[in-house]
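Trainee: Can you read through this structure? Questions will come right after.
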Amino acid sequence: MNNDIKEILYSKEDIAAVTKKLGTQITKDYADKKPLVICILTGAVLFMTDLVREIDTYCEIDFMDISSYGDATESSGQVKIIKDLDKSVEGRHVLIVEDIIDTGRTLEKVMELLSHRDAASVKVCTLLDKPARREKVVTPDYAGFEVPNEFVVGYGLDYTGFYRNLPYVGILKPEVYAEN
Ligand code: PRP
Ligand code: MN
Ligand code: MG
């Protein structure tokens, strides 16, 4: 599995340091707000569980999974919720956690879904931001690293479902995805 990686972009230590920094900022910004931290499955699960351990104030966690349609269905604007939140966001300060914002489609859909639910506030924290590929106008409130336009995997990010368990974020060798 490690042999499929061309270059490590962010080491385990880099990720831990930036997560701590983000957690410290979030702790300050959300003191007394008892935020509801929402993990967008599946990619964000590793980052979210590390991030909340750096948040030193009362917070709850919840999970949401939405489908990513192909382009044809995309234009219809349909969103399928695979797994909705268990908790109500009404009156809550919501912090959405993502592993990466790429085109921005996923985040735009999540924001749209939540916009009808009367949250007190909705902000976004992403480990990786890849603005080079942005199609939708979405900007994270908190971001760990601005990532170059490369095929990255690890620490939650997958290729064909694999590599999520790498403890670092790296660039996948082109020959690995050229095989398919
Ligand atoms: C990945 C990633 C983000 C999204 C970002 O999820 O985890 O959620 O894509 O891309 P976008 O900005 O272009 O929407 P994916 O849909 O692959 O599902 P996964 O989290 O289960 O891997
Ligand atoms: Mn995802
Ligand atoms: Mg994926």
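Lettering and numbering for the structure tokens are positional, with chains as A, B, ... in the shown order, residues counted from 1 in each chain, and ligands counted from 1 in the shown order.
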Residues up to 7 Å from ligand 2, counting only C-alpha atoms and all ligand atoms: could you list those as a list of chain:residue names?
Mentor: A:Ile40, A:Leu41, A:Thr42, A:Gly43, A:Ala44, A:Glu98, A:Asp99
Trainee: Return as number ranges by chain every polymer residue, whether protein, DNA or RNA, with at least one atom no more than 10 Å from an atom of ligand 1; count only C-alpha atoms and all ligand atoms.
Mentor: A: 39-45, 65-69, 97-110, 126, 128-131, 133-136, 138, 153, 156-162, 164
Trainee: Just checking: using only C-alpha atoms and all ligand atoms, which residue out of A:Ser121, A:Glu179, A:Ser11, A:Tyr163 ends up closest to ligand 3?
Mentor: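 For ligand 3, the nearest of the candidates is A:Tyr163.
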Trainee: Would you pick out the contacts of Lys173 (chain A) at 12 Å or less, using only C-alpha atoms, so that residues sharing its chain but fewer than 4 positions from it are not included, and give the list as a list of chain:residue names?
Mentor: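 Here the qualifying residues turn out to be A:Met1, A:Asn2, A:Asn3, A:Asp4, A:Ile5, A:Lys6, A:Glu7, A:Ile8, A:Glu150, A:Phe151, A:Val152, A:Val153, A:Tyr159, A:Tyr177, A:Ala178, A:Glu179.
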Trainee: Next, write the just-selected residues to a file, as a CSV table (one decimal), in the first residue's frame, keeping N, CA, C and O atoms as the atom set.
Mentor:
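Okay, selection.csv is ready:
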```csv
chain,number,residue,atom,x,y,z
A,1,MET,N,0.8,-1.2,0.0
A,1,MET,CA,0.0,0.0,0.0
A,1,MET,C,0.9,1.3,0.0
A,1,MET,O,0.7,2.2,-0.8
A,2,ASN,N,1.9,1.3,0.9
A,2,ASN,CA,2.8,2.5,0.9
A,2,ASN,C,3.6,2.6,-0.4
A,2,ASN,O,4.0,3.7,-0.8
A,3,ASN,N,3.8,1.5,-1.1
A,3,ASN,CA,4.5,1.5,-2.4
A,3,ASN,C,3.8,2.2,-3.5
A,3,ASN,O,4.3,2.6,-4.5
A,4,ASP,N,2.5,2.4,-3.3
A,4,ASP,CA,1.7,3.1,-4.3
A,4,ASP,C,1.7,4.6,-4.2
A,4,ASP,O,1.1,5.4,-5.0
A,5,ILE,N,2.5,5.1,-3.2
A,5,ILE,CA,2.5,6.6,-2.9
A,5,ILE,C,3.8,7.1,-3.5
A,5,ILE,O,4.9,6.7,-3.3
A,6,LYS,N,3.6,8.2,-4.3
A,6,LYS,CA,4.7,8.9,-5.0
A,6,LYS,C,5.5,9.8,-4.0
A,6,LYS,O,6.7,9.9,-4.1
A,7,GLU,N,4.7,10.5,-3.2
A,7,GLU,CA,5.3,11.5,-2.4
A,7,GLU,C,4.4,11.8,-1.2
A,7,GLU,O,3.2,11.8,-1.3
A,8,ILE,N,5.0,11.9,0.0
A,8,ILE,CA,4.2,12.2,1.2
A,8,ILE,C,4.1,13.8,1.2
A,8,ILE,O,5.1,14.4,1.3
A,150,GLU,N,-3.3,17.6,-7.1
A,150,GLU,CA,-2.7,16.3,-7.3
A,150,GLU,C,-3.7,15.3,-6.8
A,150,GLU,O,-4.6,15.6,-6.0
A,151,PHE,N,-3.6,14.0,-7.2
A,151,PHE,CA,-4.4,13.0,-6.7
A,151,PHE,C,-4.0,12.5,-5.3
A,151,PHE,O,-3.0,11.7,-5.2
A,152,VAL,N,-4.6,13.0,-4.3
A,152,VAL,CA,-4.1,12.7,-2.9
A,152,VAL,C,-5.0,11.6,-2.2
A,152,VAL,O,-6.2,11.6,-2.4
A,153,VAL,N,-4.3,10.8,-1.5
A,153,VAL,CA,-5.0,9.8,-0.7
A,153,VAL,C,-4.4,9.7,0.7
A,153,VAL,O,-3.3,10.3,1.0
A,159,TYR,N,-8.9,6.0,-2.7
A,159,TYR,CA,-9.0,5.7,-4.1
A,159,TYR,C,-9.6,4.3,-4.2
A,159,TYR,O,-9.1,3.4,-3.6
A,177,TYR,N,-3.6,4.5,-10.7
A,177,TYR,CA,-5.0,4.8,-11.3
A,177,TYR,C,-5.0,4.6,-12.8
A,177,TYR,O,-6.1,4.6,-13.4
A,178,ALA,N,-3.9,4.6,-13.4
A,178,ALA,CA,-3.9,4.3,-14.9
A,178,ALA,C,-4.2,2.9,-15.2
A,178,ALA,O,-4.7,2.6,-16.3
A,179,GLU,N,-4.1,2.0,-14.2
A,179,GLU,CA,-4.4,0.6,-14.4
A,179,GLU,C,-5.9,0.4,-14.7
A,179,GLU,O,-6.3,-0.6,-15.3
```
Trainee: Would you mind telling me which residue in A:Met64, A:Leu9, A:Ala16, A:Ile82 lies nearest to Leu51 (chain A) when using only C-alpha atoms?
Mentor: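 Smallest separation from Leu51 (chain A) among the options: A:Ala16.
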Trainee: So which bits of chain A end up strand (DSSP E) when you DSSP the backbone, as a PyMOL selection string?
Mentor: chain A and resi 5-10+36-40+60-66+81-83+93-101+121-129+142-146+152-153+169-172
Trainee: Now that the selection is made, can you save its residues with C-alpha atoms as a PDB file, in the first residue's frame?
Mentor:
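Full text of part04.pdb as output:
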```pdb
ATOM      1  CA  ILE A   5       2.546   6.562  -2.930  1.00  0.00           C
ATOM      2  CA  LYS A   6       4.748   8.861  -5.004  1.00  0.00           C
ATOM      3  CA  GLU A   7       5.313  11.496  -2.350  1.00  0.00           C
ATOM      4  CA  ILE A   8       4.179  12.229   1.187  1.00  0.00           C
ATOM      5  CA  LEU A   9       2.620  15.705   1.271  1.00  0.00           C
ATOM      6  CA  TYR A  10       1.614  15.898   4.924  1.00  0.00           C
ATOM      7  CA  LEU A  36     -22.570  20.210  17.140  1.00  0.00           C
ATOM      8  CA  VAL A  37     -19.668  18.814  15.137  1.00  0.00           C
ATOM      9  CA  ILE A  38     -20.806  17.059  11.981  1.00  0.00           C
ATOM     10  CA  CYS A  39     -18.618  14.508  10.234  1.00  0.00           C
ATOM     11  CA  ILE A  40     -19.291  14.054   6.528  1.00  0.00           C
ATOM     12  CA  GLU A  60     -21.477  16.883  20.491  1.00  0.00           C
ATOM     13  CA  ILE A  61     -20.735  14.830  17.408  1.00  0.00           C
ATOM     14  CA  ASP A  62     -22.984  13.546  14.667  1.00  0.00           C
ATOM     15  CA  PHE A  63     -22.607  12.006  11.210  1.00  0.00           C
ATOM     16  CA  MET A  64     -24.083  12.616   7.789  1.00  0.00           C
ATOM     17  CA  ASP A  65     -23.583  10.776   4.514  1.00  0.00           C
ATOM     18  CA  ILE A  66     -24.845  12.038   1.181  1.00  0.00           C
ATOM     19  CA  ILE A  81     -29.220  11.481   1.943  1.00  0.00           C
ATOM     20  CA  ILE A  82     -27.656   8.093   2.674  1.00  0.00           C
ATOM     21  CA  LYS A  83     -27.517   8.790   6.372  1.00  0.00           C
ATOM     22  CA  HIS A  93     -23.931  26.137  16.350  1.00  0.00           C
ATOM     23  CA  VAL A  94     -22.942  23.640  13.694  1.00  0.00           C
ATOM     24  CA  LEU A  95     -19.401  22.869  12.610  1.00  0.00           C
ATOM     25  CA  ILE A  96     -19.160  20.717   9.496  1.00  0.00           C
ATOM     26  CA  VAL A  97     -15.971  18.691   9.249  1.00  0.00           C
ATOM     27  CA  GLU A  98     -14.566  17.539   5.917  1.00  0.00           C
ATOM     28  CA  ASP A  99     -11.325  15.870   4.867  1.00  0.00           C
ATOM     29  CA  ILE A 100     -11.136  17.794   1.589  1.00  0.00           C
ATOM     30  CA  ILE A 101     -13.032  20.425  -0.353  1.00  0.00           C
ATOM     31  CA  SER A 121     -24.718  29.165  12.753  1.00  0.00           C
ATOM     32  CA  VAL A 122     -23.011  26.874  10.268  1.00  0.00           C
ATOM     33  CA  LYS A 123     -19.264  26.861   9.724  1.00  0.00           C
ATOM     34  CA  VAL A 124     -16.905  24.508   7.954  1.00  0.00           C
ATOM     35  CA  CYS A 125     -13.578  23.006   8.957  1.00  0.00           C
ATOM     36  CA  THR A 126     -11.604  21.045   6.384  1.00  0.00           C
ATOM     37  CA  LEU A 127      -8.210  19.420   6.656  1.00  0.00           C
ATOM     38  CA  LEU A 128      -7.443  19.992   2.988  1.00  0.00           C
ATOM     39  CA  ASP A 129      -8.589  22.707   0.648  1.00  0.00           C
ATOM     40  CA  TYR A 142     -11.082  26.699   9.000  1.00  0.00           C
ATOM     41  CA  ALA A 143      -8.594  24.890   6.759  1.00  0.00           C
ATOM     42  CA  GLY A 144      -5.491  22.881   7.569  1.00  0.00           C
ATOM     43  CA  PHE A 145      -3.587  22.872   4.292  1.00  0.00           C
ATOM     44  CA  GLU A 146      -4.110  24.256   0.824  1.00  0.00           C
ATOM     45  CA  VAL A 152      -4.111  12.685  -2.940  1.00  0.00           C
ATOM     46  CA  VAL A 153      -5.011   9.786  -0.670  1.00  0.00           C
ATOM     47  CA  VAL A 169      -1.633  12.310   3.080  1.00  0.00           C
ATOM     48  CA  GLY A 170       0.297  11.464  -0.061  1.00  0.00           C
ATOM     49  CA  ILE A 171       0.202  11.678  -3.829  1.00  0.00           C
ATOM     50  CA  LEU A 172      -0.853   8.451  -5.517  1.00  0.00           C
TER      51      LEU A 172
END
```
Trainee: Find, counting only C-alpha atoms, the residue in A:Met48, A:Lys33, A:Val176, A:Pro167 that gets nearest to Glu13 (chain A).
Mentor: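 Among the listed residues, A:Pro167 lies closest to Glu13 (chain A).
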Trainee: CA of Thr57 (chain A) and CA of Gly23 (chain A), how far apart in Å?
Mentor: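 Straight-line distance from CA of Gly23 (chain A) to CA of Thr57 (chain A) works out to 10.0 Å.
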Trainee: Using only C-alpha atoms, which of the listed residues (A:Leu46, A:Asp14, A:Lys28, A:Tyr155) sits closest to Tyr58 (chain A)?
Mentor: A:Lys28
Trainee: Go ahead and compute the interatomic distance for CA of Tyr168 (chain A) and CA of Val18 (chain A), in Å to one decimal.
Mentor: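 Computed distance, CA of Tyr168 (chain A) to CA of Val18 (chain A), equals 12.6 Å.
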Trainee: Smallest atom-to-atom distance to ligand 3: which of A:Gly154, A:Ser115, A:Leu22, A:Asp32, using only C-alpha atoms and all ligand atoms?
Mentor: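 So, comparing all the options, the nearest one is A:Gly154.
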